[in-house]
Amino acid sequence: MTPDRSTRVKNTTDNTPAIVELTLARFREFYREPEAVFWVFVFPILLAAGLGIAFRNRPAEASHIAVAKSAANSPVVDSLKTASGLVVDVLDDTAAATALRTGKVALVVVPRVDGAVEYRFDDARPESRTARMVVDRTIQRAGGQKDPVPVTETKVSERGSRYIDFVVPGLLGMNLMGSGIWGIGFSIVDARKKKLLKRLIATPMSRAEYLASFLFFRLSLLVIEVATLIGFGTLVFGVPLRGSLGQLAIICVLSSLAFGGLGLLIASRARTMEGASGLMNLVMLPMWVFSGVFFSSGNFPKAAQPFIQALPLTAVNDALRANMLQGAPWATVGGELAIIVTWLVVGFTLALRLFRWR
Amino acid sequence: MPATSTAPLALAVRGLRKAYADVVAVDALDLEVRTGECFGLLGPNGAGKTTTIEICEGLLNPDAGTVEVLGMQWTRDGRALRSRLGIQLQETQLSEKLTVAESVKLFRSFYPAGRSVDEVIGLVQLDEKRGSRVGTLSGGQKQRLAVACALVGDPDLLFLDEPTTGLDPQSRRQLWDIIDKFRSEGGTTVLTTHYMDEAERLCDRVAIVDHGRVIALGTPRELIASLGAGHVIEFGVDGSREIDEAALLSLAGVKSARRAGGSWALQVGAAHETIPMLLDTLETHGMPLTELRTHSPTLEDVFVTLTGRSLRDDA
């Protein structure tokens with residue numbers, strides 16, 4: 001006779017809840033993939049560091065100008081040579097013309113025998129226009145011109161208005177988008193491609209818990225991601241954190257969930273990595289360009305603004321900047337939060353409706 | 001002892017039909033699997049075995065027909081059913097970044113009750129690989145891990161879809177031992193295979209499936225006995241001259257004669273009675289013998305007799 005299986009005692013202890021095991025699996029799959037760790041944590045910092053150094057605020061550069069050789073002994077040359085903010089070369093006519101054409105000098109000064117001075121420069125080049133103003137002022141003052149209105153100068157460089165201050169919230173927004181869409185999308189498409197999703201739904205596993213494990217993973221990772229990037233920006237470049245940290249946390253959590261929903265939506269049907277990756281680029285590329293990561297989205301034409309403002313990353317970047325740079329009250333970021341929440345709800349609703357487990 | 005015919009049914013499939021866009025995969029298929037037996041679906045690739053087993057696993061919906069698993073139905077009792085089944089799919093790749101123990105523990109967490117992780121890992125002889133990443137395992141080890149994940153919920157019914165395809169002989173034997181062990185504890189197994197030796201070795205009963213239908217059903221012994229042949233003689237001859245099939249059939253004891261590639265296969269009552277006459281016939285026709293083999297009939301012969309084709313595409 002076969003053994004009677006109904007009397008078997010099944011072991012119900014020694015078991016962790018599925019949601020814990022599933023979330024642990026997400027972490028293990030992530031940190032055992034060194035490339036993923038690089039793109040999520042190291043890359044944004046390298047980018048912020050690179051941009052911070054490239055666009056740091058520097059003292060105004062000196063203008064390079066040339067003076068025609070024929071006038072080398074003219075008093076004009078002496079006054080130009082002693083002026084601050086000018087570097088003067090004495091060149092013959094051909095060399096001066098070449099230097100001007102190739103951009104080595106911004107302006108060529110040609111003193112004439114009658115005492116007049118000729119400026120040769122390209123009016124379309126900003127540095128040439130600057131050089132003209134500095135040179136002209138120097139020459140006119142040497143000639144005895146007095147300022148009719150007395151002026152005093154106070155130089156300021158305010159934290160919060162530098163390029164690095166602008167770009168760190170943008171990078172944070174971009175990072176939230178990338179890790180939300182890639183992090184969730186790729187894992188799910190990979191599991192579908194490997195028939196792992198199919199295997200999982202053949203168990204009594206709760207499908208909601210499976211999807212929730214990705215969200216728990218994203219939200220845990222979010223804390224580290226945000227802390228690293230903001231910590232780096234604040235400590236190294238002194239990027240301000242003027243708003244409340246609670247508001248910042250809520251913006252980040254909602255953004256991360258909204259992008260996670262988009263990732264889930266993209267992954268809801270895709271069967272191949274190539275297909276998913278094409279869709280992800282299609283979704284993310286417009287936001288990289290239009291949503292004000294590296295430069296203000298206000299640079300685009302007015303007609304495009306309704307579209308640009310409706311993009312989730314635009315809302316996220318605007319909300320992050322309002323919080324970090326302006327310390328804005330809730331009312332100011334309310335519009336952005338509404339857009340983010342709308343994307344969150346629409347993304348998840350569609351994703352869950354379309355999701356294919358097989 | 002194998003299950004008796006009075007044992008309750010673990011699986012009852014009636015009038016099952018499933019068509020894809022351009023092909024009917026399963027057509028009016030009936031199956032009954034008794035509790036405690038190891039049941040094999042034997043057939044060539046594309047016969048509809050995987051479609052049938054996936055419908056039984058609740059992964060596919062049939063176009064027509066009913067499926068009753070452990071007395072329950074997928075439409076009503078999905079969740080309860082899943083916790084009593086153990087499933088191994090043909091193509092599943094488990095997460096390569098997780099270790100063996102982590103994978104089994106993950107699957108264990110889906111079941112309200114089951115076996116301990118250590119017990120299952122021991123059962124499939126992966127103790128030494130406990131801490132190894134799945135990505136580093138061999139094909140046989142991966143397959144045993146897949147079976148471990150199927151066993152960890154302590155299932156009453158185990159579905160295995162081509163569990164040994166592509167494995168080396170030693171890995172196949174290890175898997176057979178695991179299945180034997182499961183059956184000896186009273187578990188019911190339904191497996192698909194296109195290896196006749198596997199079906200003969202493991203299964204209490206076998207359904208031979210072709211073009212989505214069951215074309216023969218019984219114990220391996222019964223199926224083989226149905227041929228009425230004691231032996232199969234395979235021989236080849238040199239030369240261009242054709243042998244007349246009628247001449248072969250007229251030899252005493254020959255039940256059937258079939259050409260297979262360059263050689264012939266005769267199903268005979270007793271080899272020692274037919275072989276001398278066969279040799280005489282060839283001698284008189286002046287055809288020198290190039291090879292001569294005899295073997296006991298197998299399920300392969302049953303399949304060939306029923307369909308005129310070989311079980312494996314490459315055979």
# chains A, B, ... in the order shown; residues from 1 in each chain; ligands from 1
>>> select_by_dssp(residues="segment 207-311 of chain B", states="strand (DSSP E)", output="JSON, numbers by chain")
{"B": [207, 208, 209, 210, 213, 214, 215, 216, 217, 218, 231, 232, 233, 234, 235, 236, 237, 254, 255, 256, 257, 258, 259, 260, 263, 264, 265, 266, 267, 268, 289, 290, 291, 292, 293, 294, 295]}
>>> write_last_selection(atoms="C-alpha atoms", output="short mmCIF file (atom, residue, chain, number, x, y, z; two decimals), in the first residue's frame")
data_model
loop_
_atom_site.label_atom_id
_atom_site.label_comp_id
_atom_site.auth_asym_id
_atom_site.auth_seq_id
_atom_site.Cartn_x
_atom_site.Cartn_y
_atom_site.Cartn_z
CA ALA B 207 0.31 7.59 -22.13
CA ILE B 208 1.83 7.80 -25.58
CA VAL B 209 0.87 11.16 -27.06
CA ASP B 210 1.06 12.14 -30.69
CA ARG B 213 -4.02 12.83 -28.67
CA VAL B 214 -3.37 9.82 -26.47
CA ILE B 215 -2.71 6.98 -28.91
CA ALA B 216 -1.83 4.31 -26.35
CA LEU B 217 -2.17 3.97 -22.59
CA GLY B 218 -0.99 1.38 -20.12
CA HIS B 231 12.18 -9.73 -29.82
CA VAL B 232 13.11 -7.16 -32.39
CA ILE B 233 15.70 -8.11 -34.99
CA GLU B 234 17.54 -5.33 -36.72
CA PHE B 235 19.75 -6.12 -39.68
CA GLY B 236 21.41 -4.46 -42.61
CA VAL B 237 22.61 -5.89 -45.92
CA VAL B 254 7.55 -12.22 -38.15
CA LYS B 255 4.81 -9.83 -36.93
CA SER B 256 5.96 -6.79 -38.78
CA ALA B 257 8.79 -5.58 -40.95
CA ARG B 258 9.88 -2.00 -41.18
CA ARG B 259 12.58 -0.16 -42.97
CA ALA B 260 14.51 2.24 -40.75
CA SER B 263 18.46 -1.22 -42.16
CA TRP B 264 15.37 -3.28 -41.39
CA ALA B 265 13.59 -3.96 -38.12
CA LEU B 266 11.54 -7.15 -37.70
CA GLN B 267 9.27 -7.71 -34.74
CA VAL B 268 9.30 -11.42 -34.12
CA LEU B 289 24.73 -9.35 -43.96
CA THR B 290 26.46 -6.20 -42.67
CA GLU B 291 24.88 -6.02 -39.24
CA LEU B 292 22.58 -8.02 -37.04
CA ARG B 293 21.19 -7.07 -33.64
CA THR B 294 18.38 -8.26 -31.47
CA HIS B 295 16.78 -6.57 -28.51
#
>>> closest_atom_pairs(of="chain B", to="chain A", cutoff="9 Å", atoms="only C-alpha atoms", output="Markdown table")
| residue | atom | partner | partner_atom | distance |
| --- | --- | --- | --- | --- |
| B:Met1 | CA | A:Met1 | CA | 6.3 |
| B:Pro2 | CA | A:Thr2 | CA | 7.6 |
| B:Ala3 | CA | A:Thr2 | CA | 6.9 |
| B:Thr4 | CA | A:Met1 | CA | 8.4 |
| B:Thr35 | CA | A:Thr2 | CA | 9.0 |
| B:Gly36 | CA | A:Thr2 | CA | 6.6 |
| B:Glu57 | CA | A:Ala202 | CA | 7.0 |
| B:Gly58 | CA | A:Ala202 | CA | 7.3 |
| B:Leu59 | CA | A:Ala202 | CA | 6.8 |
| B:Gly78 | CA | A:Pro204 | CA | 8.4 |
| B:Arg79 | CA | A:Pro204 | CA | 5.6 |
| B:Ala80 | CA | A:Pro204 | CA | 7.6 |
| B:Leu81 | CA | A:Pro204 | CA | 8.1 |
| B:Arg82 | CA | A:Pro204 | CA | 5.1 |
| B:Ser83 | CA | A:Pro204 | CA | 5.4 |
| B:Arg84 | CA | A:Pro204 | CA | 8.9 |
| B:Leu85 | CA | A:Thr203 | CA | 7.8 |
| B:Gly86 | CA | A:Thr203 | CA | 7.9 |
| B:Ile87 | CA | A:Ala202 | CA | 7.1 |
| B:Gln88 | CA | A:Arg199 | CA | 7.6 |
| B:Leu89 | CA | A:Arg199 | CA | 6.8 |
| B:Glu91 | CA | A:Lys195 | CA | 6.4 |
| B:Thr92 | CA | A:Lys195 | CA | 4.8 |
| B:Gln93 | CA | A:Lys194 | CA | 5.3 |
| B:Leu94 | CA | A:Leu196 | CA | 6.3 |
| B:Ser95 | CA | A:Glu29 | CA | 7.9 |
| B:Glu96 | CA | A:Glu29 | CA | 8.3 |
| B:Lys97 | CA | A:Glu29 | CA | 5.4 |
| B:Leu98 | CA | A:Arg28 | CA | 6.8 |
| B:Glu102 | CA | A:Ala25 | CA | 8.0 |
| B:Ser103 | CA | A:Ala25 | CA | 8.5 |
| B:Lys105 | CA | A:Glu21 | CA | 7.6 |
| B:Leu106 | CA | A:Glu21 | CA | 5.5 |
| B:Phe107 | CA | A:Thr203 | CA | 8.0 |
| B:Arg108 | CA | A:Asn15 | CA | 7.0 |
| B:Ser109 | CA | A:Ala18 | CA | 4.7 |
| B:Phe110 | CA | A:Met205 | CA | 4.7 |
| B:Tyr111 | CA | A:Pro204 | CA | 6.3 |
| B:Pro112 | CA | A:Thr12 | CA | 6.4 |
| B:Ala113 | CA | A:Thr12 | CA | 4.4 |
| B:Gly114 | CA | A:Asn11 | CA | 5.2 |
| B:Arg115 | CA | A:Asn11 | CA | 5.8 |
| B:Ser116 | CA | A:Asp14 | CA | 7.1 |
| B:Val117 | CA | A:Asp14 | CA | 8.7 |
| B:Ala150 | CA | A:Thr203 | CA | 8.9 |
| B:Gly153 | CA | A:Thr203 | CA | 8.9 |
| B:Asp154 | CA | A:Lys10 | CA | 7.4 |
| B:Asp156 | CA | A:Arg5 | CA | 7.6 |
| B:Arg183 | CA | A:Thr2 | CA | 8.7 |
| B:Ser184 | CA | A:Thr2 | CA | 7.4 |
| B:Glu185 | CA | A:Pro3 | CA | 6.1 |
| B:Gly186 | CA | A:Pro3 | CA | 5.1 |
| B:Gly187 | CA | A:Arg5 | CA | 7.6 |
>>> write_last_selection(atoms="C-alpha atoms", output="PDB file, in the first residue's frame")
ATOM      1  CA  MET B   1       3.914  -1.224  -4.747  1.00  0.00           C
ATOM      2  CA  PRO B   2       2.439   0.835  -7.547  1.00  0.00           C
ATOM      3  CA  ALA B   3      -0.990   2.320  -7.045  1.00  0.00           C
ATOM      4  CA  THR B   4      -3.917  -0.006  -7.463  1.00  0.00           C
ATOM      5  CA  THR B  35      -2.950   8.877  -6.512  1.00  0.00           C
ATOM      6  CA  GLY B  36       0.495   7.553  -5.737  1.00  0.00           C
ATOM      7  CA  GLU B  57      -0.661  23.187 -13.778  1.00  0.00           C
ATOM      8  CA  GLY B  58      -3.142  26.029 -14.155  1.00  0.00           C
ATOM      9  CA  LEU B  59      -0.771  28.046 -16.338  1.00  0.00           C
ATOM     10  CA  GLY B  78      -6.471  28.147  -7.621  1.00  0.00           C
ATOM     11  CA  ARG B  79      -4.616  29.251  -4.523  1.00  0.00           C
ATOM     12  CA  ALA B  80      -5.357  26.087  -2.510  1.00  0.00           C
ATOM     13  CA  LEU B  81      -4.329  23.960  -5.461  1.00  0.00           C
ATOM     14  CA  ARG B  82      -1.042  25.752  -6.000  1.00  0.00           C
ATOM     15  CA  SER B  83       0.038  25.086  -2.444  1.00  0.00           C
ATOM     16  CA  ARG B  84      -0.375  21.340  -3.008  1.00  0.00           C
ATOM     17  CA  LEU B  85       1.464  21.108  -6.319  1.00  0.00           C
ATOM     18  CA  GLY B  86       5.164  20.961  -7.076  1.00  0.00           C
ATOM     19  CA  ILE B  87       6.117  22.187 -10.509  1.00  0.00           C
ATOM     20  CA  GLN B  88       9.202  22.165 -12.665  1.00  0.00           C
ATOM     21  CA  LEU B  89       8.921  23.917 -16.023  1.00  0.00           C
ATOM     22  CA  GLU B  91      12.630  26.480 -19.618  1.00  0.00           C
ATOM     23  CA  THR B  92      12.728  28.254 -16.258  1.00  0.00           C
ATOM     24  CA  GLN B  93      16.030  29.863 -15.351  1.00  0.00           C
ATOM     25  CA  LEU B  94      16.208  30.721 -11.665  1.00  0.00           C
ATOM     26  CA  SER B  95      17.904  33.941 -10.635  1.00  0.00           C
ATOM     27  CA  GLU B  96      21.632  33.452 -11.217  1.00  0.00           C
ATOM     28  CA  LYS B  97      22.696  35.887  -8.503  1.00  0.00           C
ATOM     29  CA  LEU B  98      21.029  33.954  -5.683  1.00  0.00           C
ATOM     30  CA  GLU B 102      18.550  31.376  -0.976  1.00  0.00           C
ATOM     31  CA  SER B 103      16.578  30.133  -3.986  1.00  0.00           C
ATOM     32  CA  LYS B 105      14.326  29.480   0.893  1.00  0.00           C
ATOM     33  CA  LEU B 106      12.576  31.944  -1.420  1.00  0.00           C
ATOM     34  CA  PHE B 107      10.331  29.227  -2.830  1.00  0.00           C
ATOM     35  CA  ARG B 108       9.728  27.833   0.644  1.00  0.00           C
ATOM     36  CA  SER B 109       8.420  31.238   1.731  1.00  0.00           C
ATOM     37  CA  PHE B 110       5.563  31.035  -0.793  1.00  0.00           C
ATOM     38  CA  TYR B 111       4.081  27.934   0.859  1.00  0.00           C
ATOM     39  CA  PRO B 112       2.166  28.018   4.131  1.00  0.00           C
ATOM     40  CA  ALA B 113       3.628  24.616   5.012  1.00  0.00           C
ATOM     41  CA  GLY B 114       6.370  22.504   3.566  1.00  0.00           C
ATOM     42  CA  ARG B 115       9.711  20.845   4.017  1.00  0.00           C
ATOM     43  CA  SER B 116      12.729  22.486   5.535  1.00  0.00           C
ATOM     44  CA  VAL B 117      15.270  24.044   3.212  1.00  0.00           C
ATOM     45  CA  ALA B 150       9.226  22.026  -6.677  1.00  0.00           C
ATOM     46  CA  GLY B 153       6.240  22.993  -0.563  1.00  0.00           C
ATOM     47  CA  ASP B 154       5.858  19.281   0.230  1.00  0.00           C
ATOM     48  CA  ASP B 156       1.036  15.882  -3.108  1.00  0.00           C
ATOM     49  CA  ARG B 183       6.951   8.142  -5.154  1.00  0.00           C
ATOM     50  CA  SER B 184       8.007   5.799  -2.358  1.00  0.00           C
ATOM     51  CA  GLU B 185       6.668   8.369   0.113  1.00  0.00           C
ATOM     52  CA  GLY B 186       3.263   8.255  -1.566  1.00  0.00           C
ATOM     53  CA  GLY B 187       3.585  11.298  -3.823  1.00  0.00           C
TER      54      GLY B 187
END
>>> closest_residue(among="B:Ser250, B:Ser138, B:Asn45, B:Thr51", to="Ser171 of chain B", atoms="only C-alpha atoms")
B:Ser138
>>> closest_residue(among="A:Arg125, A:Arg269, A:Arg101, A:Arg353", to="Phe186 of chain A", atoms="only C-alpha atoms")
A:Arg269
>>> residues_around(residues="Ile266 of chain A", least_positions_apart="3", cutoff="9 Å", atoms="only C-alpha atoms", output="VMD selection string")
chain A and resid 181 185 261 to 263 269 to 270 276 279 to 280 283 351
>>> write_last_selection(atoms="N, CA and C atoms", output="tab-separated table (two decimals), in the first residue's frame")
chain	number	residue	atom	x	y	z
A	181	ILE	N	12.92	53.45	-13.47
A	181	ILE	CA	12.50	52.81	-14.72
A	181	ILE	C	13.38	51.61	-15.05
A	185	GLY	N	11.98	47.96	-14.42
A	185	GLY	CA	11.68	47.43	-15.75
A	185	GLY	C	12.54	46.25	-16.14
A	261	GLY	N	6.30	53.15	-11.29
A	261	GLY	CA	5.07	52.81	-12.00
A	261	GLY	C	5.28	52.83	-13.50
A	262	LEU	N	6.06	53.83	-13.99
A	262	LEU	CA	6.36	53.88	-15.42
A	262	LEU	C	7.20	52.67	-15.83
A	263	GLY	N	8.18	52.32	-14.97
A	263	GLY	CA	9.02	51.15	-15.25
A	263	GLY	C	8.16	49.90	-15.35
A	269	ARG	N	4.44	44.26	-20.65
A	269	ARG	CA	4.21	43.33	-21.75
A	269	ARG	C	5.49	42.89	-22.44
A	270	ALA	N	6.55	43.71	-22.33
A	270	ALA	CA	7.76	43.43	-23.12
A	270	ALA	C	8.29	42.03	-22.83
A	276	ALA	N	12.26	46.12	-24.39
A	276	ALA	CA	12.08	46.92	-23.19
A	276	ALA	C	13.03	48.11	-23.20
A	279	LEU	N	11.86	50.84	-25.50
A	279	LEU	CA	10.75	51.58	-24.89
A	279	LEU	C	11.24	52.52	-23.80
A	280	MET	N	12.19	52.02	-23.00
A	280	MET	CA	12.69	52.86	-21.90
A	280	MET	C	13.37	54.11	-22.45
A	283	VAL	N	10.88	56.57	-23.63
A	283	VAL	CA	10.22	57.29	-22.54
A	283	VAL	C	11.17	58.29	-21.89
A	351	ALA	N	-0.37	49.77	-15.65
A	351	ALA	CA	0.58	48.67	-15.57
A	351	ALA	C	-0.10	47.41	-15.04
>>> decode(residues="segment 77-105 of chain B", atoms="N, CA and C atoms", output="mmCIF file, in the first residue's frame")
data_model
loop_
_atom_site.group_PDB
_atom_site.id
_atom_site.type_symbol
_atom_site.label_atom_id
_atom_site.label_comp_id
_atom_site.auth_asym_id
_atom_site.auth_seq_id
_atom_site.Cartn_x
_atom_site.Cartn_y
_atom_site.Cartn_z
ATOM 1 N N ASP B 77 -10.438 26.866 -7.116
ATOM 2 C CA ASP B 77 -9.553 26.625 -5.970
ATOM 3 C C ASP B 77 -8.087 26.910 -6.280
ATOM 4 N N GLY B 78 -7.840 27.896 -7.156
ATOM 5 C CA GLY B 78 -6.471 28.147 -7.621
ATOM 6 C C GLY B 78 -5.420 28.182 -6.529
ATOM 7 N N ARG B 79 -5.630 29.044 -5.548
ATOM 8 C CA ARG B 79 -4.616 29.251 -4.523
ATOM 9 C C ARG B 79 -4.372 27.965 -3.724
ATOM 10 N N ALA B 80 -5.476 27.307 -3.310
ATOM 11 C CA ALA B 80 -5.357 26.087 -2.510
ATOM 12 C C ALA B 80 -4.642 24.999 -3.320
ATOM 13 N N LEU B 81 -4.956 24.963 -4.608
ATOM 14 C CA LEU B 81 -4.329 23.960 -5.461
ATOM 15 C C LEU B 81 -2.826 24.190 -5.566
ATOM 16 N N ARG B 82 -2.460 25.454 -5.797
ATOM 17 C CA ARG B 82 -1.042 25.752 -6.000
ATOM 18 C C ARG B 82 -0.200 25.344 -4.803
ATOM 19 N N SER B 83 -0.783 25.422 -3.607
ATOM 20 C CA SER B 83 0.038 25.086 -2.444
ATOM 21 C C SER B 83 0.189 23.577 -2.295
ATOM 22 N N ARG B 84 -0.526 22.797 -3.106
ATOM 23 C CA ARG B 84 -0.375 21.340 -3.008
ATOM 24 C C ARG B 84 0.362 20.740 -4.199
ATOM 25 N N LEU B 85 0.762 21.603 -5.137
ATOM 26 C CA LEU B 85 1.464 21.108 -6.319
ATOM 27 C C LEU B 85 2.939 21.480 -6.277
ATOM 28 N N GLY B 86 3.760 20.634 -6.864
ATOM 29 C CA GLY B 86 5.164 20.961 -7.076
ATOM 30 C C GLY B 86 5.393 20.971 -8.573
ATOM 31 N N ILE B 87 6.041 22.026 -9.057
ATOM 32 C CA ILE B 87 6.117 22.187 -10.509
ATOM 33 C C ILE B 87 7.537 22.492 -10.963
ATOM 34 N N GLN B 88 7.937 21.817 -12.011
ATOM 35 C CA GLN B 88 9.202 22.165 -12.665
ATOM 36 C C GLN B 88 8.857 22.399 -14.121
ATOM 37 N N LEU B 89 9.229 23.589 -14.631
ATOM 38 C CA LEU B 89 8.921 23.917 -16.023
ATOM 39 C C LEU B 89 10.153 23.652 -16.878
ATOM 40 N N GLN B 90 9.888 23.468 -18.160
ATOM 41 C CA GLN B 90 10.985 23.112 -19.053
ATOM 42 C C GLN B 90 12.061 24.181 -19.156
ATOM 43 N N GLU B 91 11.646 25.463 -19.237
ATOM 44 C CA GLU B 91 12.630 26.480 -19.618
ATOM 45 C C GLU B 91 13.021 27.430 -18.491
ATOM 46 N N THR B 92 12.470 27.255 -17.299
ATOM 47 C CA THR B 92 12.728 28.254 -16.258
ATOM 48 C C THR B 92 14.204 28.364 -15.918
ATOM 49 N N GLN B 93 14.698 29.625 -15.878
ATOM 50 C CA GLN B 93 16.030 29.863 -15.351
ATOM 51 C C GLN B 93 15.852 30.618 -14.042
ATOM 52 N N LEU B 94 16.317 30.033 -12.952
ATOM 53 C CA LEU B 94 16.208 30.721 -11.665
ATOM 54 C C LEU B 94 17.241 31.837 -11.621
ATOM 55 N N SER B 95 17.023 32.780 -10.719
ATOM 56 C CA SER B 95 17.904 33.941 -10.635
ATOM 57 C C SER B 95 19.349 33.514 -10.389
ATOM 58 N N GLU B 96 20.252 33.929 -11.274
ATOM 59 C CA GLU B 96 21.632 33.452 -11.217
ATOM 60 C C GLU B 96 22.423 34.056 -10.070
ATOM 61 N N LYS B 97 21.937 35.196 -9.546
ATOM 62 C CA LYS B 97 22.696 35.887 -8.503
ATOM 63 C C LYS B 97 22.411 35.310 -7.122
ATOM 64 N N LEU B 98 21.354 34.519 -6.991
ATOM 65 C CA LEU B 98 21.029 33.954 -5.683
ATOM 66 C C LEU B 98 21.767 32.635 -5.503
ATOM 67 N N THR B 99 22.007 32.266 -4.248
ATOM 68 C CA THR B 99 22.636 30.981 -3.992
ATOM 69 C C THR B 99 21.566 29.894 -3.990
ATOM 70 N N VAL B 100 22.049 28.644 -3.964
ATOM 71 C CA VAL B 100 21.141 27.501 -3.935
ATOM 72 C C VAL B 100 20.203 27.607 -2.729
ATOM 73 N N ALA B 101 20.790 27.843 -1.546
ATOM 74 C CA ALA B 101 19.966 27.891 -0.336
ATOM 75 C C ALA B 101 18.980 29.057 -0.388
ATOM 76 N N GLU B 102 19.442 30.215 -0.895
ATOM 77 C CA GLU B 102 18.550 31.376 -0.976
ATOM 78 C C GLU B 102 17.378 31.108 -1.919
ATOM 79 N N SER B 103 17.658 30.427 -3.034
ATOM 80 C CA SER B 103 16.578 30.133 -3.986
ATOM 81 C C SER B 103 15.536 29.224 -3.356
ATOM 82 N N VAL B 104 16.012 28.174 -2.683
ATOM 83 C CA VAL B 104 15.075 27.225 -2.080
ATOM 84 C C VAL B 104 14.280 27.920 -0.974
ATOM 85 N N LYS B 105 14.982 28.769 -0.196
ATOM 86 C CA LYS B 105 14.326 29.480 0.893
ATOM 87 C C LYS B 105 13.250 30.415 0.344
#
